[in-house]
Structure formats: C-alpha cells, structure tokens
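Engineer: Before we start, here is the structure in question, set down as structure tokens.
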Protein chains: 4
Amino acid sequence: MIIHLKNNINEQDAHHLAESVQAFYFKDQEGKKVLVTSSSVKELPKEVEDKVNDFWVFPNDMQLASREYKKETRTVAIGDTRIGGDTGNTILIGGPCSVESEGQIRTSAELIKGMGLTTLRGGCYKPRTSPYSFQGLGLEGLMLLAKMREEYGLKVITEVRDATHVDEVIEHSDVIQVGAKAMYDQGILRACAKTQKPVLIKRGFGTTLQEFVQSAEFVLSGGNENVILCERGIRSFETKTRFTLDLCGVAYLQEHTNLPIILDPSHAMGFAYGVLPLAKACVAMGIDGLLIEAHPTPKLAKSDASQQLDHESFSHLIDELNPIAQAVGYKIV
Amino acid sequence: MIIHLKNNINEQDAHHLAESVQAFYFKDQEGKKVLVTSSSVKELPKEVEDKVNDFWVFPNDMQLASREYKKETRTVAIGDTRIGGDTGNTILIGGPCSVESEGQIRTSAELIKGMGLTTLRGGCYKPRTSPYSFQGLGLEGLMLLAKMREEYGLKVITEVRDATHVDEVIEHSDVIQVGAKAMYDQGILRACAKTQKPVLIKRGFGTTLQEFVQSAEFVLSGGNENVILCERGIRSFETKTRFTLDLCGVAYLQEHTNLPIILDPSHAMGFAYGVLPLAKACVAMGIDGLLIEAHPTPKLAKSDASQQLDHESFSHLIDELNPIAQAVGYKIV
Amino acid sequence: MIIHLKNNINEQDAHHLAESVQAFYFKDQEGKKVLVTSSSVKELPKEVEDKVNDFWVFPNDMQLASREYKKETRTVAIGDTRIGGDTGNTILIGGPCSVESEGQIRTSAELIKGMGLTTLRGGCYKPRTSPYSFQGLGLEGLMLLAKMREEYGLKVITEVRDATHVDEVIEHSDVIQVGAKAMYDQGILRACAKTQKPVLIKRGFGTTLQEFVQSAEFVLSGGNENVILCERGIRSFETKTRFTLDLCGVAYLQEHTNLPIILDPSHAMGFAYGVLPLAKACVAMGIDGLLIEAHPTPKLAKSDASQQLDHESFSHLIDELNPIAQAVGYKIV
Amino acid sequence: MIIHLKNNINEQDAHHLAESVQAFYFKDQEGKKVLVTSSSVKELPKEVEDKVNDFWVFPNDMQLASREYKKETRTVAIGDTRIGGDTGNTILIGGPCSVESEGQIRTSAELIKGMGLTTLRGGCYKPRTSPYSFQGLGLEGLMLLAKMREEYGLKVITEVRDATHVDEVIEHSDVIQVGAKAMYDQGILRACAKTQKPVLIKRGFGTTLQEFVQSAEFVLSGGNENVILCERGIRSFETKTRFTLDLCGVAYLQEHTNLPIILDPSHAMGFAYGVLPLAKACVAMGIDGLLIEAHPTPKLAKSDASQQLDHESFSHLIDELNPIAQAVGYKIV
C-alpha cells in the first residue's frame, strides 16, 4: 500500500508512523510525504487512518513503479537531457564495453560529442564470469571517464559490479548502472536509494519482469525516484544469438510501469550485424533510450569484441534511427 | 552440398545421379537442375564430377535456405501480391484465430477487403492442447474460407494441424500454414514439398533457429521454393506474456537465410494491448509480412480471446505502421 | 467434468447424452460408462441429472489422468509385464536409437533377451530435424522388429513420426511411442485412442506439464486407458548437456496424475557418461520404467551416436539399478 | 594454464613471476606453489620455463576445478565431518529458510542434534526480490546461530547476500553460503578467497554450468580450496514447480569437476511434497550432501513457507535416504 500523508504531519511523526506500520517513508519530488508498506496490506492501518490524504492498494509489490500509482511515465534528467514524461526523447548512449586506455576512451568521447550526443558509456568494474579475463581498470577507469566529462562536457554512465565500490561509482558517474548480474544486490540498490542520481537497472538474464520491477522498488522506496529500466536480453534455449531481447516484456513494462525504459540491443544480440536492425525495432516501440556499444577497433576490444559497432557504423545510427523515431513521435537525442 | 547439374543432363540421368549420391533432385524455378546432399559431403562425388555447372559446400544443413547459396531474399507470390526480393512489401494478413461461423468470417473478410488488404487468415483445424476445447470447424471452415475467397476476391491462409487433412488444406487454401506444433511433421512437410503453393512455416516455441530453417529445407529440397518463415514467439521463463518474440532470431534469419519472414506478434504477446507496439517493432526491421489476429468481438472468441484485436483497432494498423515501413523503405500492402 | 452414468443406460442413449452435453463417451476397463466434458463444466448438466452414478469436477483439463479421479496409479500391461498400480515393477526397455539392419537389431534383441528383459526399442521412422540425415528404415524396420518379436519372444516399442504411418505402427508394435516432436499431433493421438495397445507419450522438449498431461487426455478420452507418460528432458538455456531432465516435473506428475511414468535419461543427457547416474536418480524416485538407448557399436550409429550405451555398459544396468530399486520397494524387470 | 613452480622458488620470486605472467599465485594445501593464468595461455611463458615442476593446459577457464588438474574429488571438512574424496559421506544439512527467533532456531538445532546430524542452516540476510518482504534478522540472526553452535556443538551455514556484510558472515559462520543471486558477486567471491573456511556456491537460476564453475575459480584462484558446488534448480519455462533441478548438470559436474557437490531439492521444487522424492534421486547419484529446509511450523514461516518440511517429515529423512545411499556406496551423515 502507498499512503500520502497529510501535509501537516511533521517529519518526526512521519518517521514514527512509518515504523509503527512497517513502512518505508520518504518525501517525493513534489514534496509529498509517502509511506509504502507491503502490498499484503489491503486496508488502511488504524494508526494512520486520520492522517491520510490518499492511498493506493496493489495486487503485488509493483507499487511505486506502477501506472496505477502514477499514470504518466516519470521524467528522469541525465544532465540537461530529459527522458520520459512527455519529452518525446529517445536518448542514444554510446561508448565502449570497457574503458581500456585514455586514448581509446578519448576517441569514444570525440565520437559521441561529434554526433551531438550527450552521454558516454564505458565499463570500469567488469562483472566478468571468469577470474582470468580482463576485469576492467577500476578506479583508474572512473577517473578517465571523469576527465572526459570535464574535457568534452559529456555525462558518463558506468556499471557498479558489487557493493565494495558502489560509493565510488555513485560519486564519479552521472548515471549509475546496476548490471544484469548485480540487480538483486541490496548492498548496491540500497546505496543507490540514498543518492538522487539516476540509476539505470538492467534486467538480469534470468530475471522475471516482476522481479525486475521489484528491484526498482528497492531504489524508489528509499526515496530516489530517478530510476530507469533497461532490458538487455534474457537467456533462452537459443544460442545462435547471445541472448534473446524480450520486446514482449518491454510492451508489458510500457503498459504497467511508470519508469523510463532504455534498451541495450548490443548485449542481447552479441553480434554487431544485428545491432542496427534491433535498434530500429526498439525505437519503433517509442522507448526512452538506447545503450549501444561502440569501439574504435572492435577486434582489439578487451571484452565483448564481437558485438561492438565500429565508429563508422555508430556514426550513422542517428540518420538510420531518426526517421523511425519521428514516425512514432520521438526524436533521437 | 548443393550441385547445379549441366543443362544437357536429361531428367532420367539426373534422377539416377541423385540416387547414386543420396541426394534430393529437383528442377528449380529458373529451370536449373539441382541436387542436394547432406552437408557432411564436402567434396564433389566422383559420379557427378564432370556433370556439374556449379556447387556449394556448407558447414551445416542450412543449405537451400542460406544466403551463401542465394544472396537475395527469395520472392514469393501470394496471389498478385509479391513479397521478398526487392519488392519492398510488408504484407499485412489479418483475420480471426478460428473460423467460427459464416457471419463471423464474412465480417472479417469485409474488414480485410475494406482496408485494401488481400489476404485473410482463419483457423479450421485448431491444434488445441486439450481435447476438451473447441477444435475448429474442420472442412466446413475450409469451405467457408473458400467462399470468402470467391465472394471477396481474397486469398486465404489456414493451418494444417496434422497429416490426416494436409491434402484438403493444400487443395483449398492459397497459403498453407504449418503451425508451431506441427513444424517437425514430415507427413505435412513432405506433402507441402509436392505443391507449388506458398508454405508458411511457424517456428515451434521450443525450436532452435537451426531446426527451424531445416524444417524449411524439407520443403525446399522437395522442389517447392515458395517457403516463408514465421517467428511467433518462443517459450522462455517469463510468464507475464504468453511467449517471447525472438527478434534477435529474426536478425539472425535476415542475415543468414534467403527466405521471406513474416512475424506474428499476436501469439507472441498473448494480449491485445501489446500487439501494436510489437507490430511496430517488427515492421521497423524491414520484414516481409505480419500475421495479426482480429475478431469482430474478441471477448466471444472460441480461442485466443485475449490476444485478438477488435476490428476498430485492426483498421488503424495501416495508418500506424505505414510511416515506420516507409522509414525503412517498405510499404504495408 | 467426468460423469459415471448409471449402469442401466444403454449404449445408444449414452451416445446421445454425450452428444447433447458435448462430451466424450467410452466404456472403461471396468465396464463403467464414462462421459467427459470440458473442465469448464462445473455443474451437472440437466440432461444427465437423473442418470448419474457419480461425477467429478476439475479445476482444469487434467481430468481422466488426475489422482482426484483415480487415486491409484493405473496398471498397464506390456505383454506379460505389468507396470503401475501395486506391481512395484520398474521396466527396463533397451535397444538402439534406430533399427539399422537385421544384424544390428538381432544383436540388440539378444542383449535384451540375455539379460532377462522383455521389451526391445528401436526407431524406424526417425523424426530427424534435417531432411539430409538418416530418416530410418520405415516399414522395413518395423518388419525387422516384428521378426525379433517372433524369434525372441520380445515385445517391441517403436515411434510414430507422423499420422501418415500411424496405422502401420499400431499394427506392428506392442507399445506405440508418440515422440517428443509429435505429442501434439491429433492425427496420431486420436488414432492411438482407438486401439487398446499401450501408448507411451514423450513430453515435448518445449511442453509444459499441463500440456503433456492433456496430450494423454486425447488418448484417454477416446477410450484407451493404457497410457504411459515419458519424461525425456526439456530444453533449457544449458547446452553442456543435450536437454535438462525434469525430475521436479516427475515429482509433480507422481503427485497429481494416475499414469505410469517411464523416464528416458539417454535423450535428456545426450552423452553416454551421464546415463547411468541419471538412471540411478530416476529409479530412486520409484518410477515405472526406464527407456535407455544401447547400440552394439555406438560410434557407428546412424543417429544419436554420443548418447547410446555400448552393450557391455547396458548389461550391467540391472546390477547397478536393482539395489536402488529395492531400497524404494521396486524391482527392475 | 596451471603451473606448479619448483619448490626452491621463494615466495617473493613467486609473486614476481605471477605478476610478470599475469597469473594468480597461491600455495596450496600440500604446500605446492601454484600459478594460474588465463586458459588462453597455451605455451609456457619464457619467464617461468626453467622454474616449473609441472603444468596443465586447458580448453577453457575451468582449470583448478577440473578433473584434468585433479582427478579425485577434493575433500572439504565441515567441522569434523569430511565430504568428497573417498569419504563416502553424504552430509544432510537442515534448518529453516530464515532464522526468525531464538525459539524457532533452537527447535531446529534440537532437531538436527537429535537426529545425530552436525550442521544447521538458517538465513539471516535474505536476498528477497521485494523490499517489502521480510529481509532477515541480519547480525542478530548470525548471533543466534553462533549461540546454537556453542550450546549444541553444531556447525552453522548461512548465506551472504551482498558484499556489505560478507566479513560478518565469514567471521560468524562455519560454511559461507554464496546464494544463487550473489554468485557472480566478486566482492563476495574475492573475500571468500581470502579465508580458509568452506564456501558453498549455489548455481544461479540463470547460470550456465561453465559460469558456475568459473565462479568457483574466483575462490580457488585466491587460494581457498574449500569450495563446494550446490545445484538448486534453474529457471525453465515450466512453472508448476518453482525451478527445475538440473541433474543432467550434476552428471556433467561429477564427470568434469573435482569439487564436492551438494544439492538443494527444496528450492528447486518449491513444494514440500516433492522434496523427499527428489532427495532420493539426488542421493542415488552419489552426491556429497543435501541442503533441505525444515521449519517447526511451515505455514507460519516468514519466507518460503510452501517448500519447508515440517520437523516430523525431516526426522524420517535419514531412514528414507540411507538405504539408497548405501546402495551406491555412501552413507548419510
């Protein structure tokens, strides 16, 4: 149950009420005082009965993220670029799988800047499945991203791998990416709930839509409303492609949740040849953004070599995608 | 291995050669004499060595359907409407899940005709998973479809459920649909190989892309080149949607095979609300057709009630989809 | 709903009643007159109200196969060997994937006979996924199996691939195997419903438990009560093994259905090394049988070479499995 | 590549060598000095050429865990109870899903003690998928487990949810459980690599066998050889059961890896009725342990109520399982 408390309830009382009814409490962006209990609570608790402006009952724990609570898609700002709401923006975020060197990430920054885009991606803490693979540059990579931000006026997004470095990532990136393998990690999610920076949560490849949205509820219920969902492919029996991009799931999320949705066709497909056709499909659904991997020389990439676009292919994306975006009332930004 | 025999080889000799090298033999649409062996044959058999115009070696049994053999997508004609090749056509096929009565299928035919479309779908032999569900009108349904064809000048597509009635379906429909549950059925596939009518093969929901294409090879190797692939969703762990539409798989098929591809978002999604956004995604990939279920009054449908569009929604599809089609160089027909 | 009609209802009236309430009608092995309607029928239809001995209401279409209807596992006889019920028998059925030649199948028959077993398997109509693979000997293979039956006094089980040859298989085999790719095939299922020979239905690799049991309902509702379920592995994301043997599913079937269950660890695993450990696991669950592939020289097998046991390994199975069977109150027969 | 350095190489040189060939270095339980590089290294690096006793080349990053490196299953001690190697022990670990109160966990401890078992499980940091569910008692729960250890002389195993409390769990538990949702978490894995306590890694429900074993490599390559693998069900399309226990995968792991294997039928099945039959199946495969949930009053459990055995059912497990264990040369301890 979500409860909007009356405006005249003071902070201390609000916290007491939250405790007595086992609820999360936060003040939302509009200044409303919000309690959130388990969805198993179907009737207003006696303690709050006369202190309530409004309340909502839910069939399951998709509460703050649901369209029953907020009908319109939430707006999230990545620097000056806003997505969601009625912005009609489909943000195109690009960059390499991993930050590998200053030269490499600078070339990427120049590509993004040169195309008139605003946001650069690059992994520093790589959640590799083998200890014997390249694990990312860590803090050194973060510093290189920060340098690119300063020099090129870009925003940066990078992934947090586990809770040991979540504070560093929150401090140094503009959007915190919670990766597919980390999206159940409460150490990460609860840390992200305490900042107001945008958090992009990737769906785990074995994660149901319900669990995916509940992962966002960990952040939302802590008071950070700037959550973006990212579908990046689930694991099915098919192995000719790396994963299976779940656009049925995207249709479900668009219908039932109020969070902006960014899609990652690169990881879903696993092969560069499929990234453009899938990106087109995604854009045609009226989505809020795309996350696409590009590398100056994909063959030499230290991770995910086969799925990264070269910079020439990436530079054509806007021209390829904008006509489709316009056909559905969006524009690539 | 695919072998093109020299033109001066006569039919009888061609058949003898086929037998001696354990190959399929047929004359293709251009009059070429074609032998197809297992892909495990990597070197020209001695018997044919001096009788060959050209030959192709393959890493697996995707042979006649592969772009290594034919670079361009094959053209298939459904009545006067051609898809594939350089036609730039995305055919929109609509109609109810099941033919239920003359009144119902007539309303559907009028919808299709009124929109300027050419092809009507409707199931007569329903591959239901329970013996206690509505099983379709069978031959009576086929006759109703045939009546609509005559009265409205439409082409009709209907599904064959098993080999006991494959001849009836081949006789009375313009496109033979081999359903997701029947696409391994050699009784059906071999019968389809002997006609020249277009055959639309739906991917089984547990079927790999490789097996899917090999299913087409059963028809192609028998001499019927008019094969269309249809992706309609695979079974994943996600249950909020009926199936998972595999557009990564479509990107794979577009890259590696030469067969036209029609997509069925209705069965994939299982809910009417998701059909339009998914149809948009499909069209943006530059596909050859869409198969979408529509029913005059979905709530009363005898099968798949939740996923069928009502006729008003269906009638807006062309306007919704054409701008996207045009953005990728296609048009809805 | 299942309805037992009063004994004094004559056949003609029973058929009329069945028609008027849209039910299947058959006389069961105990002579009871049984009507089965859709499970959506929750109240006794007026037409039969005063003609009923007993009736059962169900939440879904698992009706004749459910333990709510028959609490005890049904008994099925394969020749003189009975499984299910209180027999405590776990039948071990062996033989090659495909019947390849008289010499090969004779060696197999001698192996089975020599071990004191009773039933020989061997595929004649192979449901291969490629037209370019070995497709089985067809009727010639059936005749070889029939010969082994006569010469060695064995029972034989073989697979029907599609409806074009279902009558041949029903005629010439002792147990009709409906394979994983054919188990939705109503042409086959309805033909099997008209015989009284045992029918072993394999679960499709993309088939839910509910659909699997409903497949059995096609046969049961036609009056053939001799149905055996066979779990043989489902398709999951894991590819180190050929399929994933679903023993959770077996636990479900044992709890909820009244049909004997035979397991096929060979196809599930896909590799000979795993067949014995999996067979042990299966036997420990108290199952009704095992279907295991064995070939005189697996490396030369024309199909499924990697998963077939050699005859020496197969010959040790009884000694390996019997102690486990005994520990759970069963014996290998 | 795994390299055994000569005994006369001193520690400092060993570390230098490790750095120069980008390898992990540790001294194993037998005192051997071990370097491990990526499996992409196929030839001995020049730097170590004359300093090597022995070395192994691998096709992929399953190296320390592979039977090519160590043929015998490793032995791991949980207190005085040893599993793996030639011990023939199948350890039965029981206890509630969550530690809920001192009374509840004491009842559980008495059950375990009373049955002559040695190890108690209980979750303190629950990796729930919703923020609105019971999240576990945290450190308070850990202290209760520690109390039970002292009072009853039991060993305890509990799960680490994320890296924020991994040190607490390592300090206070006897076996560190890395749960299915945390098994890619390098913050956890690298912390576990630095202790010598046994680490039980559960396979993620969307995790391949290869990734599963590589997760163990994170711990092994850091010098902790006491790693146990735990299969607990993967996510398939089947939803009648909670997950799908992958015993084909267990057969694979037994064939290819040298790590002890413990199975968790409770989470796989999700329903108490299936736990015993599945436990029997597991034991018949000759496994090293079982992890089974039991609760004094399952209906009142704060998590996973449907799958926990009541104490009466649990108390019969040894009698039910021991005959099967003995049939395969094991005993339940």
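Residues are referred to by chain and number: the chain letter is A, B, ... according to the order shown in the structure tokens, the number counts from 1 in that chain, and ligands are numbered separately from 1 in the order shown.
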Could you work out which residues of chain B fall inside 7 Å of chain D? Count only C-alpha atoms, and format the result as number ranges by chain.

Structural biologist: B: 235-237

Engineer: Save the residues we just selected, N, CA and C atoms, as an mmCIF file, in the first residue's frame?

Structural biologist:
```cif
data_model
loop_
_atom_site.group_PDB
_atom_site.id
_atom_site.type_symbol
_atom_site.label_atom_id
_atom_site.label_comp_id
_atom_site.auth_asym_id
_atom_site.auth_seq_id
_atom_site.Cartn_x
_atom_site.Cartn_y
_atom_site.Cartn_z
ATOM 1 N N ARG B 235 9.179 -20.100 -26.082
ATOM 2 C CA ARG B 235 8.845 -20.260 -24.679
ATOM 3 C C ARG B 235 10.073 -19.948 -23.844
ATOM 4 N N SER B 236 9.991 -18.940 -22.998
ATOM 5 C CA SER B 236 11.077 -18.637 -22.069
ATOM 6 C C SER B 236 10.512 -18.768 -20.662
ATOM 7 N N PHE B 237 11.303 -18.380 -19.674
ATOM 8 C CA PHE B 237 10.824 -18.471 -18.292
ATOM 9 C C PHE B 237 9.811 -17.383 -17.954
#
```

Engineer: List as a list in words the protein and nucleic acid residues near Pro96 of chain C, meaning an atom at most 7 Å away when only C-alpha atoms are counted, but skip any in the same chain fewer than 4 places from it.

Structural biologist: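 Once the nearby chain positions are removed, what remains is Arg121, Gly122, Glu293, Ala294 and His295 of chain C.
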
Engineer: Of the residues A:Val76, A:Ala268, A:Val57, A:Ile3, which is the one nearest to Asn89 of chain A, using only C-alpha atoms?

Structural biologist: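 Comparing A:Val76, A:Ala268, A:Val57, A:Ile3 against Asn89 of chain A, the winner is A:Val76.
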
Engineer: Which residue, A:Glu72, A:Leu44, A:Lys197, A:Tyr330, has the smallest gap to Glu255 of chain A when you use only C-alpha atoms?

Structural biologist: A:Glu72

Engineer: Just the residues within 10 Å of Asn226 of chain B, please, counting only C-alpha atoms, with nothing from its chain fewer than 3 positions along; format it as a list in words.

Structural biologist: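 Contacts, with the query itself left out: Gln29, Arg74, Thr75, Val76, Ala77, Ile78, Val175, Cys192, Ala193, Thr195, Gln196, Lys197, Pro198, Val199, Leu200, Ala216, Val219, Leu220, Gly223, Leu259 and Pro260 of chain B.
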
Engineer: Where in segment 73-180 of chain B does DSSP assign helix (DSSP H, G or I), given as an mmCIF file with N, CA and C atoms, in the first residue's frame?

Structural biologist:
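Writing the result to result.cif gives the following:
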```cif
data_model
loop_
_atom_site.group_PDB
_atom_site.id
_atom_site.type_symbol
_atom_site.label_atom_id
_atom_site.label_comp_id
_atom_site.auth_asym_id
_atom_site.auth_seq_id
_atom_site.Cartn_x
_atom_site.Cartn_y
_atom_site.Cartn_z
ATOM 1 N N GLU B 102 -20.237 -18.508 -40.575
ATOM 2 C CA GLU B 102 -20.192 -17.736 -41.821
ATOM 3 C C GLU B 102 -20.273 -16.242 -41.514
ATOM 4 N N GLY B 103 -21.140 -15.875 -40.585
ATOM 5 C CA GLY B 103 -21.290 -14.456 -40.256
ATOM 6 C C GLY B 103 -19.982 -13.862 -39.763
ATOM 7 N N GLN B 104 -19.336 -14.601 -38.884
ATOM 8 C CA GLN B 104 -18.091 -14.081 -38.309
ATOM 9 C C GLN B 104 -17.005 -13.945 -39.366
ATOM 10 N N ILE B 105 -16.839 -14.946 -40.210
ATOM 11 C CA ILE B 105 -15.725 -14.882 -41.170
ATOM 12 C C ILE B 105 -16.054 -13.876 -42.284
ATOM 13 N N ARG B 106 -17.331 -13.695 -42.541
ATOM 14 C CA ARG B 106 -17.715 -12.697 -43.534
ATOM 15 C C ARG B 106 -17.375 -11.282 -43.027
ATOM 16 N N THR B 107 -17.692 -11.019 -41.772
ATOM 17 C CA THR B 107 -17.319 -9.712 -41.197
ATOM 18 C C THR B 107 -15.813 -9.491 -41.302
ATOM 19 N N SER B 108 -15.072 -10.545 -41.048
ATOM 20 C CA SER B 108 -13.617 -10.449 -41.148
ATOM 21 C C SER B 108 -13.180 -10.172 -42.581
ATOM 22 N N ALA B 109 -13.787 -10.876 -43.512
ATOM 23 C CA ALA B 109 -13.435 -10.689 -44.929
ATOM 24 C C ALA B 109 -13.727 -9.253 -45.349
ATOM 25 N N GLU B 110 -14.829 -8.732 -44.862
ATOM 26 C CA GLU B 110 -15.181 -7.348 -45.231
ATOM 27 C C GLU B 110 -14.183 -6.358 -44.633
ATOM 28 N N LEU B 111 -13.733 -6.645 -43.441
ATOM 29 C CA LEU B 111 -12.713 -5.794 -42.826
ATOM 30 C C LEU B 111 -11.454 -5.764 -43.684
ATOM 31 N N ILE B 112 -10.966 -6.939 -44.031
ATOM 32 C CA ILE B 112 -9.726 -7.058 -44.811
ATOM 33 C C ILE B 112 -9.897 -6.362 -46.168
ATOM 34 N N LYS B 113 -10.984 -6.680 -46.841
ATOM 35 C CA LYS B 113 -11.263 -6.095 -48.151
ATOM 36 C C LYS B 113 -11.378 -4.569 -48.038
ATOM 37 N N GLY B 114 -12.098 -4.120 -47.022
ATOM 38 C CA GLY B 114 -12.334 -2.685 -46.862
ATOM 39 C C GLY B 114 -11.057 -1.891 -46.615
ATOM 40 N N LEU B 139 -13.285 -29.174 -42.159
ATOM 41 C CA LEU B 139 -13.579 -28.978 -43.586
ATOM 42 C C LEU B 139 -14.660 -27.920 -43.793
ATOM 43 N N GLU B 140 -15.635 -27.879 -42.899
ATOM 44 C CA GLU B 140 -16.686 -26.868 -43.011
ATOM 45 C C GLU B 140 -16.071 -25.458 -42.968
ATOM 46 N N GLY B 141 -15.081 -25.266 -42.123
ATOM 47 C CA GLY B 141 -14.398 -23.975 -42.046
ATOM 48 C C GLY B 141 -13.640 -23.680 -43.338
ATOM 49 N N LEU B 142 -12.974 -24.701 -43.865
ATOM 50 C CA LEU B 142 -12.255 -24.546 -45.135
ATOM 51 C C LEU B 142 -13.190 -24.071 -46.241
ATOM 52 N N MET B 143 -14.385 -24.651 -46.243
ATOM 53 C CA MET B 143 -15.350 -24.291 -47.289
ATOM 54 C C MET B 143 -15.807 -22.832 -47.116
ATOM 55 N N LEU B 144 -15.930 -22.410 -45.847
ATOM 56 C CA LEU B 144 -16.306 -21.008 -45.611
ATOM 57 C C LEU B 144 -15.199 -20.062 -46.087
ATOM 58 N N LEU B 145 -13.958 -20.439 -45.843
ATOM 59 C CA LEU B 145 -12.850 -19.609 -46.330
ATOM 60 C C LEU B 145 -12.871 -19.542 -47.858
ATOM 61 N N ALA B 146 -13.122 -20.700 -48.474
ATOM 62 C CA ALA B 146 -13.155 -20.746 -49.937
ATOM 63 C C ALA B 146 -14.264 -19.839 -50.467
ATOM 64 N N LYS B 147 -15.374 -19.820 -49.763
ATOM 65 C CA LYS B 147 -16.498 -18.964 -50.155
ATOM 66 C C LYS B 147 -16.084 -17.485 -50.076
ATOM 67 N N MET B 148 -15.373 -17.135 -49.016
ATOM 68 C CA MET B 148 -14.938 -15.748 -48.877
ATOM 69 C C MET B 148 -13.975 -15.381 -50.007
ATOM 70 N N ARG B 149 -13.132 -16.332 -50.349
ATOM 71 C CA ARG B 149 -12.198 -16.081 -51.459
ATOM 72 C C ARG B 149 -12.961 -15.737 -52.734
ATOM 73 N N GLU B 150 -13.987 -16.528 -53.000
ATOM 74 C CA GLU B 150 -14.743 -16.287 -54.229
ATOM 75 C C GLU B 150 -15.510 -14.974 -54.166
ATOM 76 N N GLU B 151 -16.169 -14.741 -53.041
ATOM 77 C CA GLU B 151 -17.051 -13.580 -52.975
ATOM 78 C C GLU B 151 -16.272 -12.269 -52.891
ATOM 79 N N TYR B 152 -15.120 -12.299 -52.192
ATOM 80 C CA TYR B 152 -14.415 -11.036 -51.951
ATOM 81 C C TYR B 152 -13.092 -10.922 -52.717
ATOM 82 N N ALA B 163 -1.136 -34.611 -40.463
ATOM 83 C CA ALA B 163 -1.059 -35.107 -41.834
ATOM 84 C C ALA B 163 -2.375 -35.691 -42.339
ATOM 85 N N THR B 164 -3.336 -35.915 -41.455
ATOM 86 C CA THR B 164 -4.577 -36.557 -41.920
ATOM 87 C C THR B 164 -5.394 -35.660 -42.841
ATOM 88 N N HIS B 165 -5.197 -34.355 -42.742
ATOM 89 C CA HIS B 165 -6.000 -33.465 -43.594
ATOM 90 C C HIS B 165 -5.122 -32.501 -44.394
ATOM 91 N N VAL B 166 -3.844 -32.851 -44.553
ATOM 92 C CA VAL B 166 -2.956 -31.922 -45.260
ATOM 93 C C VAL B 166 -3.379 -31.737 -46.709
ATOM 94 N N ASP B 167 -3.893 -32.782 -47.332
ATOM 95 C CA ASP B 167 -4.297 -32.655 -48.741
ATOM 96 C C ASP B 167 -5.476 -31.701 -48.899
ATOM 97 N N GLU B 168 -6.405 -31.764 -47.968
ATOM 98 C CA GLU B 168 -7.540 -30.830 -48.009
ATOM 99 C C GLU B 168 -7.064 -29.384 -47.921
ATOM 100 N N VAL B 169 -6.149 -29.143 -46.990
ATOM 101 C CA VAL B 169 -5.689 -27.773 -46.800
ATOM 102 C C VAL B 169 -4.918 -27.299 -48.027
ATOM 103 N N ILE B 170 -4.089 -28.171 -48.558
ATOM 104 C CA ILE B 170 -3.344 -27.796 -49.765
ATOM 105 C C ILE B 170 -4.313 -27.475 -50.905
ATOM 106 N N GLU B 171 -5.382 -28.241 -50.996
ATOM 107 C CA GLU B 171 -6.331 -28.027 -52.094
ATOM 108 C C GLU B 171 -7.087 -26.710 -51.936
ATOM 109 N N HIS B 172 -7.514 -26.414 -50.709
ATOM 110 C CA HIS B 172 -8.471 -25.320 -50.543
ATOM 111 C C HIS B 172 -7.888 -23.993 -50.076
#
```

Engineer: Would you mind listing what lies within 6 Å of segment 5-21 of chain C as a list in words, with only C-alpha atoms counted and same-chain residues fewer than 4 positions away left out?

Structural biologist: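 Near neighbours after the sequence-gap exclusion: Tyr25, Lys33, Lys51, Val52 and Asn53 of chain C.
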
Engineer: Just how far from atom CA of Lys126 of chain A is atom CA of Glu100 of chain A, in Å to one decimal?

Structural biologist: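 Atom CA of Glu100 of chain A sits 11.3 Å away from atom CA of Lys126 of chain A.
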
Engineer: Atom CA of Gly329 of chain A and atom CA of Gly88 of chain A, how far apart in Å?

Structural biologist: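 Separation between atom CA of Gly88 of chain A and atom CA of Gly329 of chain A: 6.5 Å.
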